[in-house]
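Right, one structure below, let's go through it.
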There are 4 protein chains.
Amino acid sequence: MRALRKLGPEVGFELVDIPIPEVGPDEVLIEVRATSICGTDVHIYEWNQWAADHVSPPITVGHELTGVVVDRGANVKEPVIGQLVSAESHVICNTCAWCRTGQGHLCPNTQILGVHRDGAYADYVVVPAQNAWPDPPEMPLSVASLQENFGNSVHTATTPSVAGRKVLVTGTGPVGVMAIAVAKALGARAVYATDISDYRLGLAERMGADAVFNPLRDDVAAGVAEATLGEGVDVLLEMSGAPSALEAGFGALKPGGEAALLGLTAQKFPFDIDDNIIFKGATVHGIVGRRLWQTWYEMRGLIRSGAVDLEPVITHRFALADYEKAFKLMQSGECGKVVMFPDPAHADGPLS
Amino acid sequence: MRALRKLGPEVGFELVDIPIPEVGPDEVLIEVRATSICGTDVHIYEWNQWAADHVSPPITVGHELTGVVVDRGANVKEPVIGQLVSAESHVICNTCAWCRTGQGHLCPNTQILGVHRDGAYADYVVVPAQNAWPDPPEMPLSVASLQENFGNSVHTATTPSVAGRKVLVTGTGPVGVMAIAVAKALGARAVYATDISDYRLGLAERMGADAVFNPLRDDVAAGVAEATLGEGVDVLLEMSGAPSALEAGFGALKPGGEAALLGLTAQKFPFDIDDNIIFKGATVHGIVGRRLWQTWYEMRGLIRSGAVDLEPVITHRFALADYEKAFKLMQSGECGKVVMFPDPAHADGPLS
Amino acid sequence: MRALRKLGPEVGFELVDIPIPEVGPDEVLIEVRATSICGTDVHIYEWNQWAADHVSPPITVGHELTGVVVDRGANVKEPVIGQLVSAESHVICNTCAWCRTGQGHLCPNTQILGVHRDGAYADYVVVPAQNAWPDPPEMPLSVASLQENFGNSVHTATTPSVAGRKVLVTGTGPVGVMAIAVAKALGARAVYATDISDYRLGLAERMGADAVFNPLRDDVAAGVAEATLGEGVDVLLEMSGAPSALEAGFGALKPGGEAALLGLTAQKFPFDIDDNIIFKGATVHGIVGRRLWQTWYEMRGLIRSGAVDLEPVITHRFALADYEKAFKLMQSGECGKVVMFPDPAHADGPLS
Amino acid sequence: MRALRKLGPEVGFELVDIPIPEVGPDEVLIEVRATSICGTDVHIYEWNQWAADHVSPPITVGHELTGVVVDRGANVKEPVIGQLVSAESHVICNTCAWCRTGQGHLCPNTQILGVHRDGAYADYVVVPAQNAWPDPPEMPLSVASLQENFGNSVHTATTPSVAGRKVLVTGTGPVGVMAIAVAKALGARAVYATDISDYRLGLAERMGADAVFNPLRDDVAAGVAEATLGEGVDVLLEMSGAPSALEAGFGALKPGGEAALLGLTAQKFPFDIDDNIIFKGATVHGIVGRRLWQTWYEMRGLIRSGAVDLEPVITHRFALADYEKAFKLMQSGECGKVVMFPDPAHADGPLS
């Protein structure tokens, strides 16, 4: 089969032929129909410091996918062969204290698809049966594929209570704009968004933002203050990892407010704990992955009820063979979610 | 009457004669029996930057007190004249959105005794009737006086759930050691403590710490790891404001853990949000003041049931007239709570 | 002034002339512009057992209102004279443990407008200043008046978490149908409703119910099971007080579900605690009044953002002088909210 | 091996020889060292209606146990052979929505040891590996065995917040008295208890109750009122299933209080939802089983830290061969926990 792999500690990927992977007794073999690109994949492509620290080539990359179950191990009762499934990318141990107390997303033994074990940019991928999430046959493949990433948005936006509250989303990449849609669906009174890319602020508006601010041009503090009658926001969803966005976001947060932090800063930076957290009596939540599998059930409800429409966030489709074009586009930032199709015949929209 | 006042923007206090204050229609006049010293008072004494920014001399200082109600305004139904009371030091507006939704400790219009209005280092002090908290006549005056400060400990230690959990307290000044006692009373499985003062670590042990670490001598990370079988602690109560303590405390925190931050750092410092909060899926609570008046009810229960004994934290007593000795002692750090008595005849223990 | 009063222990009201009430130092005098009818008022009109037990004639009835502040006591800083206000009907003591810990809705010293002190079916009414809630001048008077009742809906629907969950509302009188709208606005995946009145089920649909069931005609259990793919609902909002509705509602509740109970049964009845609560691991919340004043802030957000539209629930308007017609209509059940206007010139829609 | 079995739909058990059970690929075979008796076992012994409805003879009974792992299936990584383990009696499916969202105690596919599959009153028992809970070698076998039952107490007493609060436990059988000890360990300000058995009230006092009441002799309402200065209790832990105890318990509950209900009433009974739940704004929690495996971790902490001492609740020990004497004693009610030993040589105290 074909697989897009990182072959050594250097920039780039290569599309090579390797054997179809073996399926273990508790695993399923999935024929990949669609696979979407995450910022993490770009880091691995570019081989930045984080990638060098966490990834051991050679490895097949990619962790967002949908496909059809074509084989399964002896212990597997579901999903059945022929089932369309997406996949949770975090393979957890099921035996540690976190896994056994509903905190599997914090399992210290987690193996991530495409980071620690072979991933989904390939014709086939193997995942544990419990990581395979059944999708309805009518779900568009692009939407099915990006659910893993959507789960980050849902986990973040459901951790503080947003119902009836004013929310600020800092960083409007795909996870940020999907979080905007979730917050709106869950009864947020208003959602504001900031980003330094006007392209992405446009996406934010299409996903439901009530007002957007570009700090390169707008006075974010003044804009949020005006929009909130001087009160500030009740909830901050931080999706950028940019120190300036963290400063602006906490600055806009009301006393007693809640912040959920997903964006990684990748470095220490000078942070004012007194003003940002203590004097405000704020509550701050670190967000990692998805609640296993609470978040997947929440996603299912939000998508199937129509409360959240993910179509606008999907901006480009490529054949897997055109992966270089796809990654160049990702690096430009002028895109929402980018989906690749191992077999272009399965593309659910025009290819770029 | 005599009052210990900050007369101008410079180091020190002066004990001067001023008129007994007028009592407003919703206020009570308290004859002060005991008044304890807080770190904030030392800042005002030393006239550091924070003091210069927040205090406008001339003003009578001091905000921890107990005394007897000797007069009251026309609207006051309780407390009655003759009642022994302590006082909440935060005078709130009762009309803002925070006050009207059980978040009065975050009231933006808060006036603090001894900071924004005349305080308690005096023969008499005036406070709003709702700030006067009735004490039982048998309560030692020293304990009654320091309840305001104890409330910081209770607010901090009751914000995360400590029941059955392992807790680390960083900073064992009076608020820290009282928090140790609260955590133990609320069913913490174990409480560990760190400080750079062996004197204060001794207090921590007397208040119930299961193990103490001095980072000037001990490897805190290794010590906590050994005490927790390598797991780390479930809860961090940060009472020091020292960046190194924050680093050590978050370093010792388990994935999924909770941190409550009370100690002020007074400066920005390089903080690793990724490792300390996000990757851990941690929840961080900023703590300010006391929940009004939930925390006071909790204090009452903890003290009256005998679950917490505050006597060991009271290490020195002075006549108010000996305030210079008291403040010198506070500056040395070789003390727990220091209580001053306007009338030495009311001292509930030997004077230093 | 004119006032609709219960003059003795018997059926009916009388519209009589009495002096304009005196305003106390912490109170405001409101010129009533609109006043809506609650089921409680019908009980007092009919003089049922509850009324006989709780109401001491003579008294002016009515507790849902809006009007303009025309006088205020010496201590009142807000609202100002000329301000349009609605009123919280529960006058609380501010000094008990419940009031002092954000639980004022459970204050044991509560006095209710129109039940324990003179109410709002009159040209003027006096309420404590803290009970007067400022309304924007553009708010329709009918909507402004019924906010007190809407608050019951908001308190009920915000107590369990409804976001992304399936909800059953049993009882679709005005409080029930407004709760449907709130649950939808707060991100419920679906809301189902039951009532024995097709008229009221029609209102439920207009307020957003996804499916409605009339147990006189429909198999509610089968209907809910079909709508929820056999799973049952996550949340029950019980608004009827009918034992059969409680049985049906708990029967439809999923294991692990939450129920919020507002409807009064007015009698003991045989209840299956094992099946309804224990085996399900259910959580049940008793709901009384409104969270003071958290619920009012939530109402403001829901109404002003447009997330909830209360117009469809207002079905009839009368001049106060036509109160007999209004109460006869209430007794028929063929109505939503019924609003009365002391001065018909203020009616914001055609009078019946 | 020997096994105590229910052979048909009639009163009593028989100790018979059957083959040692086969161990499946995900299971372990445990050589039983101690096995304690639950009220459920008495129901099966007596063959009451509940037993007739839920149990299909022939079956080996018993679900509280400790023993040594002597064999394990091919997929089992832990526990290892030779490990001392106790067992969670609820065998859950791991695949339903409840299991996959940290609500495994509500799994609709639950199979209970000794009820739906062969249990522990035998020389050997097979359980899924994930149900085997490692015990430290120094733990007394009696304590290890009864942990399953202790878990009911822990689940109940940890569901409401008891820290600093006044608690009433109605029903002081073993689960009730262990809940008293848990509430005390978790910082309850005071714990009161009621039962109609003075023997069991004696156990309650030994486990830490501050005051006990026998409704056959005492005025419970007056007693609780006096103990709580007329306020009532903050928390009710209902362990009896007796309608009179439910009435008394809810009657003693403060407005705003929390109740956790574990005791099964086995019948509908006239319940006053208005006064007991709604007007009080109470929160009521149904409790079933143990949180899987959160409760087990909490148990471990409470026992190992010494915060809870379970020795006083163990009142009698028998050889398994003397099961008739053990069940007669259970029927008398004059006992705490009764432990049986398949091999009397393992008894950790004198046999009765």
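FYI, nothing fancy with the structure tokens labels: chains A, B, ... in order, residues from 1 per chain, ligands from 1 as they appear.
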message: When all Cα positions are paired in order and chain B is fitted onto chain C, what RMSD is left, to one decimal?
response: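 0.1 Å is the C-alpha RMSD between the two chains.
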Could you pull out the strand (DSSP E) residues of region 26-141 of chain D, going by DSSP on the backbone, and write them as a PDB file with C-alpha atoms, in the first residue's frame?
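What ended up in selection.pdb:
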ATOM      1  CA  GLU D  27     -10.272 -13.297  33.341  1.00  0.00           C
ATOM      2  CA  VAL D  28      -8.470 -14.415  36.473  1.00  0.00           C
ATOM      3  CA  LEU D  29      -9.074 -17.396  38.737  1.00  0.00           C
ATOM      4  CA  ILE D  30      -9.010 -16.452  42.404  1.00  0.00           C
ATOM      5  CA  GLU D  31      -8.538 -18.841  45.312  1.00  0.00           C
ATOM      6  CA  VAL D  32     -10.975 -17.326  47.800  1.00  0.00           C
ATOM      7  CA  ARG D  33      -9.486 -16.516  51.189  1.00  0.00           C
ATOM      8  CA  ALA D  34     -12.392 -14.605  52.758  1.00  0.00           C
ATOM      9  CA  THR D  35     -15.913 -13.741  51.640  1.00  0.00           C
ATOM     10  CA  SER D  36     -18.336 -11.501  53.490  1.00  0.00           C
ATOM     11  CA  ILE D  59     -25.855 -20.481  40.808  1.00  0.00           C
ATOM     12  CA  THR D  60     -23.005 -20.023  43.259  1.00  0.00           C
ATOM     13  CA  GLU D  64     -17.753  -9.835  48.496  1.00  0.00           C
ATOM     14  CA  LEU D  65     -14.377 -11.502  48.532  1.00  0.00           C
ATOM     15  CA  THR D  66     -10.649 -11.477  48.726  1.00  0.00           C
ATOM     16  CA  GLY D  67      -8.247 -14.128  47.558  1.00  0.00           C
ATOM     17  CA  VAL D  68      -5.118 -14.944  45.637  1.00  0.00           C
ATOM     18  CA  VAL D  69      -4.826 -15.015  41.854  1.00  0.00           C
ATOM     19  CA  VAL D  70      -3.905 -18.584  40.868  1.00  0.00           C
ATOM     20  CA  ASP D  71      -4.518 -18.536  37.123  1.00  0.00           C
ATOM     21  CA  ARG D  72      -5.209 -15.988  34.417  1.00  0.00           C
ATOM     22  CA  LEU D  84      -3.859 -10.758  46.730  1.00  0.00           C
ATOM     23  CA  VAL D  85      -6.967  -9.147  45.241  1.00  0.00           C
ATOM     24  CA  SER D  86     -10.477  -8.117  46.129  1.00  0.00           C
ATOM     25  CA  ALA D  87     -13.151  -7.844  43.467  1.00  0.00           C
ATOM     26  CA  HIS D  90     -20.294  -5.557  38.875  1.00  0.00           C
ATOM     27  CA  VAL D  91     -19.047  -6.975  35.591  1.00  0.00           C
ATOM     28  CA  GLN D 111     -23.683  -8.881  35.404  1.00  0.00           C
ATOM     29  CA  ILE D 112     -23.318  -9.185  39.175  1.00  0.00           C
ATOM     30  CA  TYR D 124     -12.453 -20.507  43.718  1.00  0.00           C
ATOM     31  CA  VAL D 125     -14.113 -17.806  41.683  1.00  0.00           C
ATOM     32  CA  VAL D 126     -13.478 -16.370  38.227  1.00  0.00           C
ATOM     33  CA  VAL D 127     -13.725 -12.631  37.593  1.00  0.00           C
ATOM     34  CA  PRO D 128     -12.626 -10.388  34.725  1.00  0.00           C
ATOM     35  CA  ALA D 132      -9.693  -7.674  40.405  1.00  0.00           C
ATOM     36  CA  TRP D 133      -8.392  -4.973  42.719  1.00  0.00           C
ATOM     37  CA  PRO D 134      -4.869  -5.475  44.112  1.00  0.00           C
TER      38      PRO D 134
END
Could you make a table, as a tab-separated table, of the residues of chain D that have an atom within 10 Å of an atom of chain C, each with its nearest atom pair and distance in Å to one decimal, counting only C-alpha atoms, in chain and number order?
residue	atom	partner	partner_atom	distance
D:Trp98	CA	C:Gly256	CA	8.5
D:Gln103	CA	C:Gly256	CA	7.6
D:His105	CA	C:Gly281	CA	8.7
D:Leu106	CA	C:Pro255	CA	6.3
D:Cys107	CA	C:Pro255	CA	8.5
D:Pro108	CA	C:Pro255	CA	8.5
D:Gly241	CA	C:Asp274	CA	8.9
D:Pro243	CA	C:Ile273	CA	10.0
D:Lys254	CA	C:Leu106	CA	9.8
D:Pro255	CA	C:Leu106	CA	6.3
D:Gly256	CA	C:Leu106	CA	7.0
D:Glu258	CA	C:His285	CA	9.3
D:Ala259	CA	C:Val284	CA	9.6
D:Ala260	CA	C:Ile278	CA	9.0
D:Leu261	CA	C:Ile278	CA	6.5
D:Leu262	CA	C:Ile278	CA	6.5
D:Gly263	CA	C:Ile278	CA	8.3
D:Leu264	CA	C:Asp274	CA	5.7
D:Thr265	CA	C:Asp274	CA	6.4
D:Ala266	CA	C:Asp274	CA	6.8
D:Gln267	CA	C:Asp272	CA	6.5
D:Lys268	CA	C:Asp272	CA	4.4
D:Phe269	CA	C:Pro270	CA	4.6
D:Pro270	CA	C:Pro270	CA	4.1
D:Phe271	CA	C:Lys268	CA	5.0
D:Asp272	CA	C:Lys268	CA	4.4
D:Ile273	CA	C:Lys268	CA	7.0
D:Asp274	CA	C:Leu264	CA	5.7
D:Asp275	CA	C:Ala266	CA	9.2
D:Asn276	CA	C:Gly286	CA	8.6
D:Ile277	CA	C:Gly286	CA	4.9
D:Ile278	CA	C:Gly286	CA	3.9
D:Phe279	CA	C:Val288	CA	6.0
D:Lys280	CA	C:Gly286	CA	6.8
D:Gly281	CA	C:Gly286	CA	4.3
D:Ala282	CA	C:Gly286	CA	5.1
D:Thr283	CA	C:His285	CA	4.6
D:Val284	CA	C:Val284	CA	4.9
D:His285	CA	C:Thr283	CA	4.6
D:Gly286	CA	C:Ile278	CA	3.8
D:Ile287	CA	C:Gly281	CA	5.2
D:Val288	CA	C:Gly281	CA	5.9
D:Gly289	CA	C:Gly281	CA	9.2
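Straight-line separation from CA of Thr170 (chain B) to CA of Ala144 (chain B): 25.5 Å.
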field: Near-region 291-305 of chain D list (7 Å; only C-alpha atoms; drop same-chain fewer than 2 positions) as an MDAnalysis selection string
entry: (chainID A and resid 100:101) or (chainID B and resid 164 189) or (chainID D and resid 104:105 151 154:155 289 307:309)
Residues of the last selection are to be written out with all heavy atoms, as a short mmCIF file (atom, residue, chain, number, x, y, z; two decimals), in the first residue's frame.
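As written to disk, out12.cif reads:
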data_model
loop_
_atom_site.label_atom_id
_atom_site.label_comp_id
_atom_site.auth_asym_id
_atom_site.auth_seq_id
_atom_site.Cartn_x
_atom_site.Cartn_y
_atom_site.Cartn_z
N ARG A 100 -8.84 4.42 34.37
CA ARG A 100 -9.87 3.74 35.16
C ARG A 100 -10.78 4.70 35.91
O ARG A 100 -11.66 4.27 36.65
CB ARG A 100 -9.20 2.75 36.12
CG ARG A 100 -8.70 1.49 35.40
CD ARG A 100 -7.83 0.63 36.29
NE ARG A 100 -8.56 -0.12 37.28
CZ ARG A 100 -8.96 -1.38 37.15
NH1 ARG A 100 -8.70 -2.04 36.04
NH2 ARG A 100 -9.60 -1.99 38.10
N THR A 101 -10.55 6.00 35.76
CA THR A 101 -11.43 6.96 36.46
C THR A 101 -11.97 8.02 35.52
O THR A 101 -12.19 9.16 35.93
CB THR A 101 -10.67 7.64 37.63
OG1 THR A 101 -9.49 8.26 37.10
CG2 THR A 101 -10.28 6.65 38.70
N GLY B 164 -9.68 13.07 50.68
CA GLY B 164 -9.06 11.84 50.20
C GLY B 164 -7.90 12.06 49.26
O GLY B 164 -7.41 11.10 48.66
N ARG B 189 -5.76 13.10 52.29
CA ARG B 189 -5.05 11.88 52.65
C ARG B 189 -3.67 12.21 53.22
O ARG B 189 -3.19 11.55 54.13
CB ARG B 189 -4.89 10.99 51.42
CG ARG B 189 -4.19 9.70 51.76
CD ARG B 189 -4.23 8.70 50.63
NE ARG B 189 -3.33 7.61 50.93
CZ ARG B 189 -2.96 6.69 50.06
NH1 ARG B 189 -3.46 6.72 48.83
NH2 ARG B 189 -2.14 5.73 50.41
N GLY D 104 -19.72 3.70 34.26
CA GLY D 104 -19.84 2.25 34.18
C GLY D 104 -20.74 1.67 35.26
O GLY D 104 -21.32 0.60 35.07
N HIS D 105 -20.88 2.35 36.39
CA HIS D 105 -21.76 1.82 37.44
C HIS D 105 -23.23 1.81 37.00
O HIS D 105 -24.05 1.20 37.67
CB HIS D 105 -21.59 2.62 38.74
CG HIS D 105 -21.98 4.07 38.63
ND1 HIS D 105 -21.37 4.94 37.76
CD2 HIS D 105 -22.92 4.78 39.27
CE1 HIS D 105 -21.92 6.14 37.89
NE2 HIS D 105 -22.85 6.06 38.79
N GLY D 151 -17.41 0.18 49.53
CA GLY D 151 -17.54 1.07 48.38
C GLY D 151 -18.92 1.69 48.26
O GLY D 151 -19.06 2.83 47.79
N VAL D 154 -18.73 4.57 50.60
CA VAL D 154 -17.88 5.65 50.08
C VAL D 154 -18.58 6.38 48.94
O VAL D 154 -18.59 7.62 48.89
CB VAL D 154 -16.51 5.08 49.63
CG1 VAL D 154 -15.69 6.14 48.90
CG2 VAL D 154 -15.75 4.54 50.83
N HIS D 155 -19.21 5.63 48.05
CA HIS D 155 -19.93 6.26 46.94
C HIS D 155 -21.03 7.17 47.49
O HIS D 155 -21.20 8.31 47.03
CB HIS D 155 -20.54 5.17 46.04
CG HIS D 155 -21.17 5.68 44.79
ND1 HIS D 155 -21.86 4.88 43.91
CD2 HIS D 155 -21.22 6.91 44.25
CE1 HIS D 155 -22.30 5.60 42.90
NE2 HIS D 155 -21.94 6.83 43.07
N GLY D 289 -24.25 0.99 43.38
CA GLY D 289 -22.90 0.44 43.22
C GLY D 289 -21.80 1.39 43.62
O GLY D 289 -21.95 2.21 44.53
N ALA D 307 -7.42 6.93 57.72
CA ALA D 307 -8.53 7.85 58.01
C ALA D 307 -9.79 7.10 58.40
O ALA D 307 -10.60 7.59 59.19
CB ALA D 307 -8.80 8.72 56.78
N VAL D 308 -9.97 5.91 57.85
CA VAL D 308 -11.12 5.08 58.21
C VAL D 308 -10.59 3.73 58.70
O VAL D 308 -9.76 3.10 58.05
CB VAL D 308 -12.05 4.86 57.00
CG1 VAL D 308 -13.09 3.78 57.30
CG2 VAL D 308 -12.73 6.16 56.61
N ASP D 309 -11.08 3.33 59.85
CA ASP D 309 -10.73 2.02 60.41
C ASP D 309 -11.96 1.13 60.34
O ASP D 309 -12.98 1.42 60.96
CB ASP D 309 -10.27 2.17 61.86
CG ASP D 309 -9.98 0.83 62.51
OD1 ASP D 309 -9.87 -0.19 61.79
OD2 ASP D 309 -9.86 0.79 63.76
#
field: All residues 7 Å or closer to Phe318 (chain D), only C-alpha atoms, same chain fewer than 5 positions away omitted, as a PyMOL selection string
entry: chain D and resi 326+339-341+351-352
Name the residues in contact with Arg217 (chain A) at a cut-off of 12 Å, using only C-alpha atoms, excluding same-chain residues fewer than 4 positions from it; report them as a JSON list (two decimals) with C-alpha atoms, in the first residue's frame.
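Final file, result21.json:
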[["chain", "number", "residue", "atom", "x", "y", "z"],
["A", 194, "THR", "CA", -9.35, 37.55, 17.49],
["A", 195, "ASP", "CA", -6.67, 36.54, 15.01],
["A", 196, "ILE", "CA", -3.91, 38.22, 13.05],
["A", 197, "SER", "CA", -5.18, 36.68, 9.79],
["A", 198, "ASP", "CA", -8.10, 38.35, 8.11],
["A", 212, "VAL", "CA", -13.99, 39.77, 15.14],
["A", 213, "PHE", "CA", -10.85, 41.75, 15.90],
["A", 223, "GLY", "CA", -13.40, 46.49, 20.92]]
- request: For Gly73 (chain C), work out the shell of residues within 6 Å, counting only C-alpha atoms and skipping chain neighbours fewer than 3 positions away, then give it as a VMD selection string.
  value: chain C and resid 24 to 27 76
query: By how many Å are CA of Leu310 (chain B) and CA of Ala227 (chain B) apart?
result: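 Here the two named atoms are 26.4 Å from each other.
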task: Grab the CA of Ser153 (chain C) to CA of Ala97 (chain B) distance for me, in Å with one decimal place.
output: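 Between CA of Ser153 (chain C) and CA of Ala97 (chain B) the gap is 21.0 Å.
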task: Quick one: everything within 12 Å of Val169 (chain D), counting only C-alpha atoms, minus sequence neighbours fewer than 4 positions away in the same chain. Send it as an NGL selection string.
output: :D and (153 or 156-157 or 162 or 173-184 or 188 or 190-195 or 201 or 204-205 or 208-213 or 220 or 224 or 233-241 or 245-246 or 248-250 or 252-253 or 259-263)
